[in-house]
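Q: Could you have a look at this structure, given as structure tokens, before my questions?
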Amino acid sequence: VVVMALFAEPICRLLYNHAEIAPMLKWMAPIGLFIYMQAPLQAALQALEKPGTALMNTFIGAVVKLLLIIKLASDPELGIYGALIAININIVLVTLLHAFSVMRFVKFRMNIMDFLKVGAAMVIMGAVSLWMMNQQTLPALWQNMTAACLLGVLVYLILMVKLRIIDRYDAARLPLIGRWFR
């Protein structure tokens, strides 16, 4: 999410040779957080034997998206951004409906401090990645972006450990490198 938001223009330039579409990628980047949570939440509803709830949440999101696409995409000032806004709202809405449904069925609550810690780590990771990208130490754009992303991931993982979001038991479950933490 951080990489897509910060490096939308270089990503679009490298992948599509078309930097003008970068604003759309920036608009979609934060929605990635909701996309990543939506499938596990839907799977949890299935496992809780509540497929009807998952279906209803998805149906509500689809109706809202369709109505918003009709309204927003037909606005000449918004154009394709109207459709993008409608899709983003759909993703957020369905994810939130799934989350509220799961929390209601299992009486589960999230620790807000964990969200704040992850958010702080994302901001620091982004600042470090942006700083590295702006150094332009390597000859090619893709090399600078790769170095910035790798450094950002390393900083993020270190912060996750230091902030006690990830512990050695979590790391032990990772494929390939998990055995080093057992």
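Letters for chains follow the order of the structure tokens (A, B, ...), residue numbers begin at 1 for each chain, and ligand numbers begin at 1 in the order shown.
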Find the residues around stretch 55-58 of chain A up to 7 Å (only C-alpha atoms counted), leave out those fewer than 4 positions away in its own chain, and share them as a list in words.
A: Pro51, Ala62, Val94, Leu97 and His98 of chain A
Q: What does the file look like for those residues with all heavy atoms, as a compact mmCIF listing (two decimals), in the first residue's frame?
A:
# COMPACT_ATOMS: atom_id res chain seq x y z
N PRO A 51 -22.78 -18.14 5.33
CA PRO A 51 -22.56 -17.71 3.94
C PRO A 51 -23.62 -16.72 3.47
O PRO A 51 -23.35 -15.88 2.61
CB PRO A 51 -22.63 -19.02 3.14
CG PRO A 51 -23.46 -19.93 3.99
CD PRO A 51 -23.14 -19.55 5.41
N ALA A 62 -22.54 -4.39 -3.93
CA ALA A 62 -22.71 -4.36 -5.38
C ALA A 62 -23.80 -3.36 -5.79
O ALA A 62 -23.64 -2.63 -6.79
CB ALA A 62 -23.05 -5.75 -5.89
N VAL A 94 -18.04 -3.30 1.73
CA VAL A 94 -18.16 -4.76 1.89
C VAL A 94 -17.20 -5.25 2.98
O VAL A 94 -17.57 -6.07 3.82
CB VAL A 94 -17.93 -5.48 0.55
CG1 VAL A 94 -17.85 -7.00 0.75
CG2 VAL A 94 -19.03 -5.14 -0.44
N LEU A 97 -18.65 -4.25 6.36
CA LEU A 97 -19.82 -5.10 6.67
C LEU A 97 -19.37 -6.50 7.10
O LEU A 97 -19.91 -7.06 8.06
CB LEU A 97 -20.76 -5.18 5.47
CG LEU A 97 -21.56 -3.92 5.14
CD1 LEU A 97 -22.29 -4.08 3.81
CD2 LEU A 97 -22.52 -3.59 6.26
N HIS A 98 -18.39 -7.07 6.39
CA HIS A 98 -17.85 -8.38 6.78
C HIS A 98 -17.23 -8.32 8.18
O HIS A 98 -17.45 -9.21 9.00
CB HIS A 98 -16.80 -8.85 5.78
CG HIS A 98 -17.34 -9.37 4.48
ND1 HIS A 98 -18.66 -9.57 4.22
CD2 HIS A 98 -16.69 -9.74 3.34
CE1 HIS A 98 -18.83 -10.04 2.99
NE2 HIS A 98 -17.63 -10.15 2.44
Q: Among stretch 58-175 of chain A, which residues does DSSP mark as alpha helix (DSSP H) when it is run on the backbone? Keep the chain and numbering as in the structure and answer as a ChimeraX atom specification.
A: /A:58-68,80-106,112-135,141-162,168-172
Q: Need to verify the contact set: A:Ile31, 8 Å, only C-alpha atoms, exclusion of same-chain residues closer than 3 positions in sequence. Can you return it as a list of chain:residue names?
A: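 Counting only the stated atoms, we get A:Trp27, A:Met28, A:Phe34, A:Ile35, A:Asn88, A:Ile91, A:Val92.
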Q: Just how far from atom CA of A:Tyr156 is atom CA of A:Ala121, in Å to one decimal?
A: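 For atom CA of A:Ala121 relative to atom CA of A:Tyr156, the distance reads 5.9 Å.
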Q: List the spatial neighbours of stretch 171-173 of chain A as a short mmCIF file (atom, residue, chain, number, x, y, z; two decimals) with all heavy atoms, in the first residue's frame - criterion: any atom at most 12 Å away, only C-alpha atoms, same-chain residues fewer than 5 positions off excluded.
A:
data_model
loop_
_atom_site.label_atom_id
_atom_site.label_comp_id
_atom_site.auth_asym_id
_atom_site.auth_seq_id
_atom_site.Cartn_x
_atom_site.Cartn_y
_atom_site.Cartn_z
N LEU A 157 9.77 -4.48 8.83
CA LEU A 157 9.87 -5.73 9.60
C LEU A 157 10.56 -5.51 10.94
O LEU A 157 10.12 -6.05 11.97
CB LEU A 157 10.59 -6.80 8.78
CG LEU A 157 9.81 -7.34 7.59
CD1 LEU A 157 10.66 -8.30 6.77
CD2 LEU A 157 8.52 -8.02 8.05
N MET A 160 8.08 -3.87 13.15
CA MET A 160 7.04 -4.82 13.59
C MET A 160 7.53 -5.67 14.76
O MET A 160 6.77 -5.94 15.70
CB MET A 160 6.61 -5.74 12.45
CG MET A 160 5.82 -5.06 11.35
SD MET A 160 4.15 -4.57 11.85
CE MET A 160 4.42 -2.90 12.37
N VAL A 161 8.80 -6.03 14.73
CA VAL A 161 9.38 -6.80 15.83
C VAL A 161 9.55 -5.91 17.06
O VAL A 161 9.17 -6.28 18.17
CB VAL A 161 10.72 -7.44 15.41
CG1 VAL A 161 11.44 -8.05 16.60
CG2 VAL A 161 10.48 -8.50 14.33
N ARG A 164 6.44 -5.15 18.84
CA ARG A 164 5.83 -6.40 19.33
C ARG A 164 4.53 -6.76 18.62
O ARG A 164 3.60 -7.30 19.23
CB ARG A 164 5.63 -6.34 20.84
CG ARG A 164 6.95 -6.20 21.55
CD ARG A 164 6.77 -6.08 23.02
NE ARG A 164 8.08 -5.74 23.58
CZ ARG A 164 8.56 -6.26 24.69
NH1 ARG A 164 7.87 -7.14 25.35
NH2 ARG A 164 9.73 -5.88 25.14
N ILE A 165 4.48 -6.46 17.34
CA ILE A 165 3.37 -6.91 16.52
C ILE A 165 3.70 -8.31 16.01
O ILE A 165 2.82 -9.16 15.91
CB ILE A 165 3.13 -5.94 15.33
CG1 ILE A 165 2.77 -4.54 15.84
CG2 ILE A 165 2.08 -6.48 14.39
CD1 ILE A 165 1.44 -4.45 16.54
N ILE A 166 4.96 -8.55 15.70
CA ILE A 166 5.45 -9.86 15.27
C ILE A 166 6.42 -10.35 16.34
O ILE A 166 7.31 -9.62 16.76
CB ILE A 166 6.18 -9.77 13.92
CG1 ILE A 166 5.24 -9.29 12.83
CG2 ILE A 166 6.81 -11.11 13.55
CD1 ILE A 166 5.92 -9.02 11.50
N GLY A 178 11.37 -19.97 8.70
CA GLY A 178 10.76 -20.19 10.01
C GLY A 178 11.58 -21.07 10.94
O GLY A 178 11.57 -20.88 12.14
N ARG A 179 12.29 -22.01 10.38
CA ARG A 179 13.06 -22.94 11.21
C ARG A 179 14.15 -22.22 12.02
O ARG A 179 14.59 -22.70 13.05
CB ARG A 179 13.65 -24.06 10.37
CG ARG A 179 14.69 -23.58 9.37
CD ARG A 179 15.27 -24.77 8.57
NE ARG A 179 16.30 -24.34 7.67
CZ ARG A 179 16.10 -23.97 6.41
NH1 ARG A 179 14.89 -24.00 5.91
NH2 ARG A 179 17.11 -23.58 5.66
N TRP A 180 14.59 -21.05 11.58
CA TRP A 180 15.62 -20.29 12.31
C TRP A 180 15.08 -19.67 13.60
O TRP A 180 15.83 -19.25 14.45
CB TRP A 180 16.21 -19.20 11.44
CG TRP A 180 16.93 -19.69 10.21
CD1 TRP A 180 17.55 -20.91 10.07
CD2 TRP A 180 17.09 -19.02 8.98
NE1 TRP A 180 18.08 -21.02 8.81
CE2 TRP A 180 17.81 -19.85 8.11
CE3 TRP A 180 16.68 -17.78 8.50
CZ2 TRP A 180 18.15 -19.51 6.83
CZ3 TRP A 180 17.01 -17.43 7.21
CH2 TRP A 180 17.74 -18.28 6.39
N PHE A 181 13.76 -19.60 13.72
CA PHE A 181 13.15 -18.96 14.88
C PHE A 181 12.55 -19.95 15.88
O PHE A 181 12.03 -19.56 16.89
CB PHE A 181 12.05 -17.98 14.42
CG PHE A 181 12.58 -16.87 13.58
CD1 PHE A 181 12.51 -16.94 12.20
CD2 PHE A 181 13.13 -15.75 14.17
CE1 PHE A 181 13.00 -15.91 11.40
CE2 PHE A 181 13.61 -14.71 13.38
CZ PHE A 181 13.56 -14.80 12.00
N ARG A 182 12.64 -21.25 15.57
CA ARG A 182 12.05 -22.26 16.46
C ARG A 182 12.93 -22.53 17.66
O ARG A 182 14.08 -22.43 17.70
CB ARG A 182 11.80 -23.55 15.68
CG ARG A 182 10.70 -23.35 14.68
CD ARG A 182 10.32 -24.65 13.99
NE ARG A 182 9.36 -24.33 12.95
CZ ARG A 182 9.54 -24.57 11.67
NH1 ARG A 182 10.59 -25.21 11.23
NH2 ARG A 182 8.62 -24.22 10.81
#
Q: Which residue, A:Val106, A:Leu96, A:Leu33, A:Ala140, has the smallest gap to A:Met4 when you use only C-alpha atoms?
A: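 Ranking A:Val106, A:Leu96, A:Leu33, A:Ala140 by distance to A:Met4, first place goes to A:Leu33.
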Q: Name all residues at most 12 Å from A:Met24 (count only C-alpha atoms; drop same-chain ones fewer than 2 positions away) and give them as a PyMOL selection string.
A: chain A and resi 4-5+8-9+11-12+18-22+26-31+78-85+87-88
Q: Would you mind listing what lies within 9 Å of stretch 43-45 of chain A as a PDB file with C-alpha atoms, in the first residue's frame, with only C-alpha atoms counted and same-chain residues fewer than 6 positions away left out?
A:
ATOM      1  CA  PRO A  51     -22.560 -17.707   3.937  1.00  0.00           C
ATOM      2  CA  GLY A  52     -25.876 -15.852   3.660  1.00  0.00           C
ATOM      3  CA  THR A  53     -24.417 -12.953   5.637  1.00  0.00           C
ATOM      4  CA  ALA A  54     -21.368 -12.831   3.362  1.00  0.00           C
ATOM      5  CA  HIS A  98     -17.850  -8.383   6.778  1.00  0.00           C
ATOM      6  CA  SER A 101     -20.531  -9.348  10.954  1.00  0.00           C
ATOM      7  CA  VAL A 102     -17.561 -11.452  12.080  1.00  0.00           C
ATOM      8  CA  PHE A 105     -20.788 -13.534  15.590  1.00  0.00           C
TER       9      PHE A 105
END
Q: Measuring between only C-alpha atoms, which one of A:Gln135, A:Val63, A:Gly126, A:Asp170 shows the shortest distance to A:Cys149?
A: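 Closest candidate: A:Gly126.
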